[in-house]
$ cat start_38.cif   # mmCIF, C-alpha atoms and all ligand atoms
data_final
#
loop_
_atom_site.label_atom_id
_atom_site.label_comp_id
_atom_site.auth_asym_id
_atom_site.auth_seq_id
_atom_site.Cartn_x
_atom_site.Cartn_y
_atom_site.Cartn_z
CA MET A 125 11.76 -13.92 3.31
CA VAL A 126 8.74 -12.13 4.73
CA ILE A 127 5.27 -13.55 5.37
CA VAL A 128 2.47 -10.99 5.38
CA MET A 129 -0.56 -12.11 7.40
CA ALA A 130 -4.10 -11.25 6.25
CA PRO A 131 -5.82 -8.51 8.30
CA GLN A 132 -8.24 -11.06 9.83
CA ALA A 133 -5.44 -13.44 10.97
CA GLY A 134 -5.74 -14.44 14.62
CA ASP A 135 -3.28 -15.74 17.20
CA ALA A 136 -3.85 -19.37 16.17
CA ASP A 137 -3.05 -18.57 12.52
CA LEU A 138 0.11 -16.78 13.56
CA ALA A 139 1.16 -19.70 15.78
CA GLU A 140 0.64 -22.06 12.83
CA VAL A 141 2.90 -19.94 10.61
CA VAL A 142 5.60 -19.76 13.30
CA ARG A 143 5.32 -23.55 13.79
CA ARG A 144 5.86 -24.18 10.07
CA VAL A 145 8.83 -21.80 9.90
CA GLU A 146 10.46 -23.51 12.88
CA ALA A 147 9.65 -26.97 11.51
CA ALA A 148 11.64 -26.02 8.42
CA GLY A 149 14.59 -25.06 10.63
CA GLY A 150 14.12 -21.27 10.42
CA SER A 151 13.56 -18.55 13.00
CA ALA A 152 10.43 -16.39 12.92
CA PHE A 153 10.33 -12.73 14.00
CA VAL A 154 6.81 -11.48 14.47
CA SER A 155 6.07 -7.79 14.04
CA ARG A 156 2.54 -6.60 14.81
CA GLY A 157 1.29 -3.37 13.28
CA VAL A 158 -2.09 -1.66 13.40
CA THR A 159 -3.31 -3.09 10.10
CA ARG A 160 -0.98 -6.00 9.36
CA THR A 161 1.18 -8.54 11.13
CA ILE A 162 4.40 -9.48 9.39
CA VAL A 163 6.60 -12.49 10.04
CA GLY A 164 10.25 -12.16 9.06
CA VAL A 165 11.94 -15.50 8.41
CA VAL A 166 15.65 -15.97 8.98
CA GLY A 167 17.51 -19.06 7.80
CA ASP A 168 19.76 -20.24 5.00
CA GLU A 169 18.53 -20.71 1.45
CA ALA A 170 17.54 -24.35 1.97
CA VAL A 171 15.46 -23.36 5.00
CA LEU A 172 13.74 -20.54 3.12
CA GLU A 173 12.91 -22.86 0.24
CA SER A 174 11.34 -25.45 2.48
CA VAL A 175 9.10 -23.12 4.49
CA ASP A 176 5.61 -23.97 3.27
CA VAL A 177 2.74 -21.73 4.24
CA THR A 178 0.96 -21.77 0.89
CA HIS A 179 -2.15 -23.44 2.26
CA VAL A 180 -2.49 -21.42 5.44
CA PRO A 181 -5.56 -19.27 4.65
CA ALA A 182 -4.58 -16.39 6.97
CA VAL A 183 -1.39 -15.76 4.97
CA ALA A 184 -1.94 -12.86 2.56
CA GLU A 185 1.41 -12.97 0.85
CA VAL A 186 4.86 -14.54 0.91
CA VAL A 187 7.66 -12.23 -0.22
CA ARG A 188 10.72 -14.21 -1.29
CA ILE A 189 13.19 -11.40 -1.94
CA THR A 190 16.81 -11.67 -0.94
CA SER A 191 17.72 -7.95 -0.92
CA PRO A 192 18.06 -6.33 2.54
CA TYR A 193 14.85 -4.40 1.92
CA LYS A 194 11.89 -6.42 0.76
CA LEU A 195 8.47 -4.91 1.40
CA VAL A 196 9.55 -1.53 0.00
CA SER A 197 11.30 -3.03 -3.05
CA ARG A 198 10.02 -2.59 -6.59
CA GLU A 199 10.18 -6.38 -6.95
CA HIS A 200 7.55 -6.72 -4.25
CA HIS A 201 5.21 -4.19 -5.81
CA PRO A 202 5.84 -3.44 -9.50
CA ARG A 203 3.68 -0.29 -9.67
CA THR A 204 4.61 2.88 -7.75
CA SER A 205 2.37 3.19 -4.71
CA THR A 206 0.03 6.04 -4.01
CA VAL A 207 -0.03 7.18 -0.39
CA SER A 208 -3.12 9.03 0.79
CA VAL A 209 -2.56 11.76 3.39
CA GLY A 210 -5.87 12.93 4.80
CA GLY A 211 -7.38 12.17 1.37
CA VAL A 212 -4.59 13.90 -0.61
CA PRO A 213 -2.73 11.48 -2.91
CA ILE A 214 1.04 11.34 -3.29
CA GLY A 215 1.96 8.98 -6.11
CA PRO A 216 2.72 8.45 -9.79
CA ASP A 217 -0.41 10.05 -11.30
CA THR A 218 -0.28 13.34 -9.46
CA PHE A 219 2.17 16.02 -8.38
CA THR A 220 1.74 17.16 -4.79
CA LEU A 221 2.90 20.47 -3.39
CA ILE A 222 3.50 20.49 0.37
CA ALA A 223 4.28 23.90 1.83
CA GLY A 224 4.36 25.69 5.14
CA PRO A 225 6.67 27.23 7.68
CA CYS A 226 9.82 25.43 8.73
CA ALA A 227 8.70 25.87 12.35
CA VAL A 228 5.39 26.70 13.96
CA GLU A 229 6.12 29.96 15.78
CA SER A 230 2.65 31.30 16.57
CA ALA A 231 -0.98 30.83 15.53
CA GLU A 232 -0.88 33.99 13.39
CA GLN A 233 2.37 33.08 11.62
CA THR A 234 1.21 29.50 10.93
CA LEU A 235 -2.18 30.60 9.59
CA ALA A 236 -0.56 33.23 7.38
CA ALA A 237 1.95 30.68 6.06
CA ALA A 238 -0.83 28.13 5.45
CA GLN A 239 -2.85 30.68 3.50
CA MET A 240 0.21 31.47 1.40
CA ALA A 241 0.72 27.73 0.87
CA ARG A 242 -2.88 27.14 -0.16
CA GLY A 243 -2.85 30.20 -2.40
CA ALA A 244 0.23 28.80 -4.13
CA GLY A 245 -1.53 25.49 -4.80
CA ALA A 246 -0.31 23.38 -1.90
CA THR A 247 -2.67 20.63 -0.81
CA LEU A 248 -0.75 19.66 2.34
CA LEU A 249 0.62 21.88 5.10
CA ARG A 250 4.08 21.31 6.57
CA GLY A 251 5.25 22.80 9.88
CA GLY A 252 7.52 21.68 12.69
CA ALA A 253 6.37 21.69 16.30
CA TYR A 254 9.42 19.67 17.40
CA LYS A 255 12.56 21.03 15.77
CA PRO A 256 15.68 18.82 15.76
CA ARG A 257 18.15 21.75 15.75
CA THR A 258 21.85 21.23 15.28
CA SER A 259 22.56 23.72 18.07
CA PRO A 260 20.97 23.12 21.47
CA TYR A 261 20.64 26.92 21.82
CA ALA A 262 18.49 27.32 18.68
CA PHE A 263 14.65 27.47 18.81
CA GLN A 264 13.50 23.93 19.56
CA GLY A 265 9.83 24.32 18.60
CA LEU A 266 6.60 24.85 20.53
CA GLY A 267 5.93 21.15 21.15
CA VAL A 268 2.31 20.26 21.92
CA ALA A 269 1.23 23.91 21.69
CA GLY A 270 2.59 23.88 18.14
CA LEU A 271 0.66 20.71 17.29
CA ARG A 272 -2.55 22.36 18.50
CA ILE A 273 -1.88 25.36 16.29
CA LEU A 274 -1.36 23.06 13.30
CA ALA A 275 -4.68 21.29 13.98
CA ASP A 276 -6.49 24.65 14.29
CA VAL A 277 -4.95 25.84 11.03
CA ARG A 278 -5.99 22.60 9.34
CA ALA A 279 -9.56 23.24 10.50
CA GLU A 280 -9.39 26.78 9.11
CA THR A 281 -7.74 25.99 5.76
CA GLY A 282 -8.67 22.36 5.09
CA LEU A 283 -5.00 21.43 4.57
CA PRO A 284 -3.95 18.09 6.15
CA VAL A 285 -0.84 18.41 8.32
CA VAL A 286 2.67 16.94 7.89
CA THR A 287 4.82 17.39 10.98
CA GLU A 288 8.07 16.01 12.34
CA ILE A 289 8.38 13.60 15.22
CA VAL A 290 11.73 13.31 16.99
CA ASP A 291 11.01 11.00 19.91
CA ALA A 292 9.21 7.64 20.00
CA ALA A 293 7.65 8.69 23.31
CA ASP A 294 5.65 11.38 21.45
CA VAL A 295 3.99 9.07 18.90
CA ASP A 296 0.52 9.03 20.49
CA THR A 297 0.54 12.79 21.03
CA VAL A 298 1.71 13.65 17.52
CA CYS A 299 -0.76 11.16 15.98
CA LYS A 300 -3.63 12.99 17.70
CA TYR A 301 -2.91 16.10 15.64
CA ALA A 302 -1.00 15.09 12.50
CA ASP A 303 -2.05 13.49 9.21
CA MET A 304 1.50 12.45 8.27
CA LEU A 305 4.54 11.89 10.50
CA GLN A 306 7.84 13.26 9.23
CA ILE A 307 11.14 11.61 10.11
CA GLY A 308 13.91 14.14 9.61
CA THR A 309 17.32 13.61 8.13
CA ARG A 310 18.98 13.43 11.55
CA ASN A 311 16.72 10.57 12.60
CA MET A 312 16.71 8.46 9.45
CA GLN A 313 18.56 5.70 11.27
CA ASN A 314 16.85 6.10 14.64
CA PHE A 315 15.53 2.56 14.41
CA SER A 316 13.35 2.60 17.52
CA LEU A 317 11.67 5.79 16.23
CA LEU A 318 11.17 4.16 12.80
CA GLN A 319 9.56 1.13 14.42
CA ALA A 320 7.34 3.32 16.58
CA VAL A 321 6.02 5.31 13.61
CA GLY A 322 5.67 2.06 11.65
CA ALA A 323 3.29 0.79 14.32
CA ALA A 324 1.39 4.09 14.58
CA GLY A 325 -0.84 3.58 11.53
CA LYS A 326 -0.25 7.05 9.99
CA PRO A 327 1.51 7.82 6.70
CA VAL A 328 5.21 8.59 7.12
CA LEU A 329 7.46 11.04 5.26
CA LEU A 330 10.98 9.62 5.52
CA LYS A 331 13.73 12.08 4.73
CA ARG A 332 17.09 10.84 3.47
CA GLY A 333 19.90 10.92 6.00
CA LEU A 334 22.56 13.57 5.51
CA VAL A 335 25.08 11.03 4.21
CA ALA A 336 22.88 8.00 3.57
CA THR A 337 23.18 5.75 0.54
CA TYR A 338 19.99 4.76 -1.31
CA GLU A 339 20.25 1.29 0.18
CA GLU A 340 20.55 2.63 3.74
CA TRP A 341 17.57 4.90 3.11
CA LEU A 342 15.47 2.00 1.81
CA MET A 343 16.48 -0.20 4.73
CA ALA A 344 15.30 2.59 7.04
CA ALA A 345 11.98 2.55 5.16
CA GLU A 346 11.87 -1.22 5.58
CA TYR A 347 11.95 -0.75 9.38
CA ILE A 348 8.68 1.17 9.03
CA ALA A 349 7.18 -1.29 6.54
CA GLN A 350 8.15 -4.24 8.68
CA ARG A 351 5.75 -2.92 11.33
CA GLY A 352 2.94 -3.28 8.82
CA ASN A 353 2.91 0.29 7.52
CA LEU A 354 3.56 0.69 3.81
CA ASP A 355 2.21 4.25 3.63
CA ILE A 356 5.70 5.71 3.27
CA VAL A 357 6.85 8.61 1.09
CA LEU A 358 10.59 9.15 0.62
CA CYS A 359 12.05 12.66 0.56
CA GLU A 360 15.38 13.63 -1.01
CA ARG A 361 16.49 16.74 0.90
CA GLY A 362 20.09 17.14 -0.14
CA ILE A 363 23.20 15.38 1.04
CA ARG A 364 26.46 16.63 2.44
CA THR A 365 29.15 17.13 -0.17
CA ALA A 366 32.36 19.16 -0.49
CA GLU A 367 30.39 22.14 -1.86
CA THR A 368 29.88 25.06 0.53
CA SER A 369 27.85 27.49 -1.57
CA THR A 370 24.69 25.58 -0.76
CA ARG A 371 23.66 24.10 2.57
CA ASN A 372 23.49 20.63 1.02
CA THR A 373 23.58 19.24 -2.51
CA LEU A 374 20.23 18.15 -3.94
CA ASP A 375 20.89 14.71 -5.38
CA VAL A 376 18.41 14.66 -8.25
CA SER A 377 19.64 11.21 -9.33
CA ALA A 378 17.96 9.89 -6.22
CA VAL A 379 14.53 10.29 -7.80
CA PRO A 380 14.86 7.95 -10.82
CA ILE A 381 17.25 5.55 -9.08
CA VAL A 382 15.09 5.10 -5.99
CA HIS A 383 11.99 4.84 -8.20
CA THR A 384 13.73 1.92 -9.90
CA LEU A 385 14.64 0.23 -6.63
CA SER A 386 11.40 0.87 -4.74
CA HIS A 387 7.67 1.29 -5.28
CA LEU A 388 7.48 4.12 -2.75
CA PRO A 389 6.72 7.65 -3.97
CA VAL A 390 9.69 10.05 -3.90
CA ILE A 391 9.44 13.80 -3.33
CA VAL A 392 12.16 16.45 -3.07
CA ASP A 393 12.79 19.23 -0.56
CA PRO A 394 14.65 21.98 -2.42
CA SER A 395 14.45 24.31 0.62
CA HIS A 396 16.53 22.20 2.99
CA ALA A 397 18.81 21.17 0.13
CA ALA A 398 19.70 24.70 -0.94
CA GLY A 399 19.33 26.70 2.25
CA ARG A 400 18.96 29.69 -0.13
CA ARG A 401 15.70 31.14 -1.43
CA ASP A 402 17.11 31.95 -4.89
CA LEU A 403 17.79 28.27 -5.60
CA VAL A 404 14.56 26.77 -4.27
CA VAL A 405 12.45 27.23 -7.41
CA PRO A 406 15.18 26.13 -9.88
CA LEU A 407 15.80 22.98 -7.80
CA ALA A 408 12.06 22.35 -7.48
CA ARG A 409 11.81 22.54 -11.28
CA ALA A 410 14.64 20.03 -11.56
CA GLY A 411 12.78 17.71 -9.18
CA MET A 412 9.61 17.98 -11.24
CA ALA A 413 11.46 17.38 -14.50
CA ILE A 414 13.23 14.29 -13.21
CA GLY A 415 9.97 12.69 -12.11
CA ALA A 416 9.48 13.46 -8.42
CA ASP A 417 5.99 12.79 -7.08
CA GLY A 418 5.92 16.11 -5.24
CA VAL A 419 7.93 18.84 -3.56
CA ILE A 420 7.95 20.12 0.00
CA VAL A 421 8.98 23.73 0.51
CA ASP A 422 9.31 26.25 3.33
CA VAL A 423 7.18 29.40 3.12
CA HIS A 424 7.02 32.22 5.66
CA PRO A 425 5.02 35.47 5.81
CA ASP A 426 8.04 37.35 7.18
CA PRO A 427 11.22 35.37 6.49
CA GLU A 428 13.50 38.07 7.97
CA ARG A 429 11.99 37.38 11.36
CA ALA A 430 11.67 33.57 11.04
CA LEU A 431 12.95 31.63 14.05
CA CYS A 432 14.21 28.85 11.79
CA ASP A 433 15.52 28.69 8.21
CA GLY A 434 14.25 32.11 7.08
CA THR A 435 16.91 32.34 4.35
CA GLN A 436 15.29 29.53 2.41
CA ALA A 437 11.61 30.41 2.93
CA LEU A 438 9.64 31.38 -0.18
CA HIS A 439 7.33 34.38 -0.29
CA GLY A 440 6.05 36.87 -2.86
CA THR A 441 7.43 36.43 -6.37
CA SER A 442 9.46 33.33 -5.57
CA LEU A 443 6.29 31.56 -4.44
CA GLU A 444 4.43 32.71 -7.56
CA GLU A 445 7.20 31.24 -9.68
CA LEU A 446 6.84 27.92 -7.88
CA THR A 447 3.10 27.91 -8.59
CA VAL A 448 3.77 28.43 -12.29
CA ALA A 449 6.25 25.58 -12.30
CA VAL A 450 3.85 23.22 -10.52
CA ALA A 451 1.08 24.15 -12.97
CA THR A 452 3.16 23.63 -16.07
CA ILE A 453 5.97 21.06 -15.65
CA PRO A 454 4.31 17.98 -14.07
CA PRO A 455 1.45 17.91 -16.66
CA LEU A 456 4.11 17.61 -19.39
CA LEU A 457 5.01 14.31 -17.76
CA GLY A 458 1.42 13.13 -17.56
CA ARG A 459 0.75 14.08 -13.95
CA ARG A 460 -2.31 15.83 -12.58
CA SER A 461 -1.42 18.94 -10.66
CA ALA A 462 -3.74 20.63 -8.18
CA VAL A 463 -2.48 23.98 -9.44
CA THR A 464 -3.54 25.93 -12.47
CA ALA A 465 -1.87 29.26 -13.06
CA ASP A 466 -1.35 31.68 -15.89
CA PRO A 467 2.22 31.29 -17.00
CA LEU A 468 4.41 34.07 -15.63
CA PRO A 469 7.73 34.82 -17.27
CA THR A 470 10.37 32.65 -15.63
CA ARG A 471 13.95 33.69 -15.02
C1 LIG B 1 12.43 20.12 8.22
O1 LIG B 1 11.85 19.71 7.21
O2 LIG B 1 11.95 21.00 8.95
C2 LIG B 1 13.76 19.59 8.57
C3 LIG B 1 14.30 19.76 9.77
O3 LIG B 1 14.32 18.94 7.55
P1 LIG B 1 15.61 17.98 7.50
O4 LIG B 1 15.33 16.88 8.47
O5 LIG B 1 15.61 17.54 6.06
O6 LIG B 1 16.79 18.84 7.87
MN MN B 2 14.06 23.74 8.44
#

$ encode --input "start_38.cif" --output "structure tokens"
Amino acid sequence: MVIVMAPQAGDADLAEVVRRVEAAGGSAFVSRGVTRTIVGVVGDEAVLESVDVTHVPAVAEVVRITSPYKLVSREHHPRTSTVSVGGVPIGPDTFTLIAGPCAVESAEQTLAAAQMARGAGATLLRGGAYKPRTSPYAFQGLGVAGLRILADVRAETGLPVVTEIVDAADVDTVCKYADMLQIGTRNMQNFSLLQAVGAAGKPVLLKRGLVATYEEWLMAAEYIAQRGNLDIVLCERGIRTAETSTRNTLDVSAVPIVHTLSHLPVIVDPSHAAGRRDLVVPLARAGMAIGADGVIVDVHPDPERALCDGTQALHGTSLEELTVAVATIPPLLGRRSAVTADPLPTR
């Protein structure tokens, strides 16, 4: 059971809620976020039934859900949420294209990639300044210099920025520059990082762990929500399977299943799933057709020279094909798309 305090709740209101939980024989775990304070209640069923906070005016909501994830569950919030990222919606009525370089390499490369992204119909810019590379010898990102480049490119193009955070110690710094904090697949169960971004008051893009079940993924999201931040978008980015012809296997079932379990928007990342440019657009189309709320793709002005993931970066014709797909497929499912394009022949 979870008790959500109203935004105006003060210390005395919180103490009253904790007193009532303890009087019923339960334990209260208080979690303070920027916009909301949430009290988790632990106790057996009899305890949970007897906790009575109905007449405490500073209580906004009592969530009596027994699954291991509560605030992010569909039961808690029957309609799919819309998350606003710098004014750009991600949710059930729209289809959002997020595009940009895998890594920020230089001001020129990032601006060129952002212009390609915007030209293709993207309304959000992706780009990593901190790169969680599997090899310690691979390019690790430009760090703060990369964040500054992203902010400059946002000023130039108007595209709000989505960027990865890999260390809880960097939350304040990354928040200064980013519009949305990305948690990568390798950090999906880094619980202290999840709690830190939950308390940061910025929307979060939570990628699915390499071998995570839907329940594990949603419990990771609950760590963020439990800090009072429900502005979470889930991203299916492929899971590890026995297949070796692709980098990972895009699990398209994740989209409708997780939409059933949770009210959070779900997008797909066909670039990191495939690891191959030729499969990015077909997998993006599959994501659109199965009801994803958006896609996030890598683009690069010169993929041959990319410092990270060049083999999967779109450019030229492949990017044009993506634009056509974004303009045509989501509207068939009743979604508004920011892109309008003349249909090109598709392969
Ligand atoms: C990325 O989006 O740049 C990235 C590293 O993705 P993932 O965490 O899905 O591998
Ligand atoms: Mn990458």

$ residues_near_ligand --input "start_38.cif" --ligand "ligand MN 2 (chain B)" --cutoff "7 Å" --atoms "only C-alpha atoms and all ligand atoms" --output "short mmCIF file (atom, residue, chain, number, x, y, z; two decimals) with C-alpha atoms, keeping the file's coordinate frame"
data_model
loop_
_atom_site.label_atom_id
_atom_site.label_comp_id
_atom_site.auth_asym_id
_atom_site.auth_seq_id
_atom_site.Cartn_x
_atom_site.Cartn_y
_atom_site.Cartn_z
CA CYS A 226 9.82 25.43 8.73
CA ALA A 227 8.70 25.87 12.35
CA HIS A 396 16.53 22.20 2.99
CA CYS A 432 14.21 28.85 11.79
CA ASP A 433 15.52 28.69 8.21
#

$ residues_around --input "start_38.cif" --residues "Gly157 in chain A" --least-positions-apart "3" --cutoff "8 Å" --atoms "all atoms listed in the file" --output "ChimeraX atom specification"
/A:160-162,322-325,351-353

$ write_last_selection --input "start_38.cif" --atoms "C-alpha atoms" --output "PDB file, keeping the file's coordinate frame"
ATOM      1  CA  ARG A 160      -0.980  -6.000   9.360  1.00  0.00           C
ATOM      2  CA  THR A 161       1.180  -8.540  11.130  1.00  0.00           C
ATOM      3  CA  ILE A 162       4.400  -9.480   9.390  1.00  0.00           C
ATOM      4  CA  GLY A 322       5.670   2.060  11.650  1.00  0.00           C
ATOM      5  CA  ALA A 323       3.290   0.790  14.320  1.00  0.00           C
ATOM      6  CA  ALA A 324       1.390   4.090  14.580  1.00  0.00           C
ATOM      7  CA  GLY A 325      -0.840   3.580  11.530  1.00  0.00           C
ATOM      8  CA  ARG A 351       5.750  -2.920  11.330  1.00  0.00           C
ATOM      9  CA  GLY A 352       2.940  -3.280   8.820  1.00  0.00           C
ATOM     10  CA  ASN A 353       2.910   0.290   7.520  1.00  0.00           C
TER      11      ASN A 353
END

$ atom_distance --input "start_38.cif" --atom1 "CA of Ser442 in chain A" --atom2 "CA of Arg400 in chain A"
11.5 Å

$ atom_distance --input "start_38.cif" --atom1 "CA of Ile307 in chain A" --atom2 "CA of Glu340 in chain A"
14.5 Å

$ atom_distance --input "start_38.cif" --atom1 "CA of Thr206 in chain A" --atom2 "CA of Asp276 in chain A"
26.9 Å

$ axis_aligned_box --input "start_38.cif" --around "range 246-261 of chain A" --padding-each-side "8 Å" --output "AutoDock Vina command-line options"
--center_x 9.9 --center_y 22.9 --center_z 10.0 --size_x 41.2 --size_y 24.1 --size_z 39.7

$ residues_around --input "start_38.cif" --residues "Arg203 in chain A" --least-positions-apart "5" --cutoff "10 Å" --atoms "all atoms listed in the file" --output "ChimeraX atom specification"
/A:198,216,383,386-388

$ closest_residue --input "start_38.cif" --among "A:Pro202, A:Pro394, A:Pro389, A:Gly399" --to "Arg371 in chain A" --atoms "all atoms listed in the file"
A:Gly399

$ closest_residue --input "start_38.cif" --among "A:Glu199, A:Asp422, A:Glu280, A:Glu444" --to "ligand LIG 1 (chain B)" --atoms "all atoms listed in the file"
A:Asp422

$ residues_near_ligand --input "start_38.cif" --ligand "ligand LIG 1 (chain B)" --cutoff "6 Å" --atoms "only C-alpha atoms and all ligand atoms" --output "VMD selection string"
chain A and resid 226 252 308 to 310 331 361 396

$ closest_residue --input "start_38.cif" --among "A:His200, A:Arg188, A:His424, A:Arg156" --to "Val228 in chain A" --atoms "only C-alpha atoms"
A:His424

$ closest_residue --input "start_38.cif" --among "A:Ala246, A:Val450, A:Leu330, A:Ile420" --to "Ala437 in chain A" --atoms "only C-alpha atoms"
A:Ile420

$ residues_near_point --input "start_38.cif" --point "(15.0, 10.9, -12.3)" --cutoff "6 Å" --atoms "only C-alpha atoms" --output "list in words"
Ser377, Val379, Pro380, Ile414 and Gly415 of chain A

$ closest_residue --input "start_38.cif" --among "A:Ile356, A:Val163, A:Ala410, A:Leu271" --to "Leu374 in chain A" --atoms "only C-alpha atoms"
A:Ala410

$ residues_around --input "start_38.cif" --residues "Gln233 in chain A" --least-positions-apart "3" --cutoff "10 Å" --atoms "only C-alpha atoms" --output "number ranges by chain"
A: 225, 227-230, 236-239, 273, 424-426, 430

$ residues_around --input "start_38.cif" --residues "Gly270 in chain A" --least-positions-apart "4" --cutoff "12 Å" --atoms "all atoms listed in the file" --output "ChimeraX atom specification"
/A:225-235,250-255,264-266,274-277,285,287-288,297-298,301-302

$ build_atoms --input "start_38.cif" --residues "range 315-332 of chain A" --atoms "N, CA and C atoms" --output "PDB file, in the coordinates of the input"
ATOM      1  N   PHE A 315      16.356   3.735  14.720  1.00  0.00           N
ATOM      2  CA  PHE A 315      15.530   2.560  14.410  1.00  0.00           C
ATOM      3  C   PHE A 315      14.345   2.388  15.348  1.00  0.00           C
ATOM      4  N   SER A 316      14.506   2.755  16.626  1.00  0.00           N
ATOM      5  CA  SER A 316      13.350   2.600  17.520  1.00  0.00           C
ATOM      6  C   SER A 316      12.261   3.608  17.143  1.00  0.00           C
ATOM      7  N   LEU A 317      12.664   4.807  16.687  1.00  0.00           N
ATOM      8  CA  LEU A 317      11.670   5.790  16.230  1.00  0.00           C
ATOM      9  C   LEU A 317      10.977   5.284  14.953  1.00  0.00           C
ATOM     10  N   LEU A 318      11.752   4.701  14.037  1.00  0.00           N
ATOM     11  CA  LEU A 318      11.170   4.160  12.800  1.00  0.00           C
ATOM     12  C   LEU A 318      10.150   3.065  13.124  1.00  0.00           C
ATOM     13  N   GLN A 319      10.494   2.207  14.065  1.00  0.00           N
ATOM     14  CA  GLN A 319       9.560   1.130  14.420  1.00  0.00           C
ATOM     15  C   GLN A 319       8.311   1.700  15.080  1.00  0.00           C
ATOM     16  N   ALA A 320       8.501   2.720  15.896  1.00  0.00           N
ATOM     17  CA  ALA A 320       7.340   3.320  16.580  1.00  0.00           C
ATOM     18  C   ALA A 320       6.400   3.975  15.570  1.00  0.00           C
ATOM     19  N   VAL A 321       6.926   4.693  14.592  1.00  0.00           N
ATOM     20  CA  VAL A 321       6.020   5.310  13.610  1.00  0.00           C
ATOM     21  C   VAL A 321       5.449   4.236  12.677  1.00  0.00           C
ATOM     22  N   GLY A 322       6.195   3.161  12.471  1.00  0.00           N
ATOM     23  CA  GLY A 322       5.670   2.060  11.650  1.00  0.00           C
ATOM     24  C   GLY A 322       4.435   1.439  12.284  1.00  0.00           C
ATOM     25  N   ALA A 323       4.423   1.406  13.609  1.00  0.00           N
ATOM     26  CA  ALA A 323       3.290   0.790  14.320  1.00  0.00           C
ATOM     27  C   ALA A 323       2.155   1.777  14.558  1.00  0.00           C
ATOM     28  N   ALA A 324       2.369   3.060  14.201  1.00  0.00           N
ATOM     29  CA  ALA A 324       1.390   4.090  14.580  1.00  0.00           C
ATOM     30  C   ALA A 324       0.188   4.167  13.638  1.00  0.00           C
ATOM     31  N   GLY A 325       0.310   3.584  12.437  1.00  0.00           N
ATOM     32  CA  GLY A 325      -0.840   3.580  11.530  1.00  0.00           C
ATOM     33  C   GLY A 325      -1.099   4.907  10.825  1.00  0.00           C
ATOM     34  N   LYS A 326      -0.111   5.780  10.739  1.00  0.00           N
ATOM     35  CA  LYS A 326      -0.250   7.050   9.990  1.00  0.00           C
ATOM     36  C   LYS A 326       0.774   7.038   8.862  1.00  0.00           C
ATOM     37  N   PRO A 327       0.480   7.720   7.743  1.00  0.00           N
ATOM     38  CA  PRO A 327       1.510   7.820   6.700  1.00  0.00           C
ATOM     39  C   PRO A 327       2.770   8.486   7.229  1.00  0.00           C
ATOM     40  N   VAL A 328       3.910   8.091   6.648  1.00  0.00           N
ATOM     41  CA  VAL A 328       5.210   8.590   7.120  1.00  0.00           C
ATOM     42  C   VAL A 328       5.964   9.237   5.945  1.00  0.00           C
ATOM     43  N   LEU A 329       6.548  10.395   6.216  1.00  0.00           N
ATOM     44  CA  LEU A 329       7.460  11.040   5.260  1.00  0.00           C
ATOM     45  C   LEU A 329       8.870  10.788   5.786  1.00  0.00           C
ATOM     46  N   LEU A 330       9.647   9.997   5.055  1.00  0.00           N
ATOM     47  CA  LEU A 330      10.980   9.620   5.520  1.00  0.00           C
ATOM     48  C   LEU A 330      12.035  10.375   4.728  1.00  0.00           C
ATOM     49  N   LYS A 331      12.680  11.317   5.394  1.00  0.00           N
ATOM     50  CA  LYS A 331      13.730  12.080   4.730  1.00  0.00           C
ATOM     51  C   LYS A 331      15.021  11.272   4.656  1.00  0.00           C
ATOM     52  N   ARG A 332      15.804  11.557   3.627  1.00  0.00           N
ATOM     53  CA  ARG A 332      17.090  10.840   3.470  1.00  0.00           C
ATOM     54  C   ARG A 332      18.100  11.392   4.457  1.00  0.00           C
TER      55      ARG A 332
END
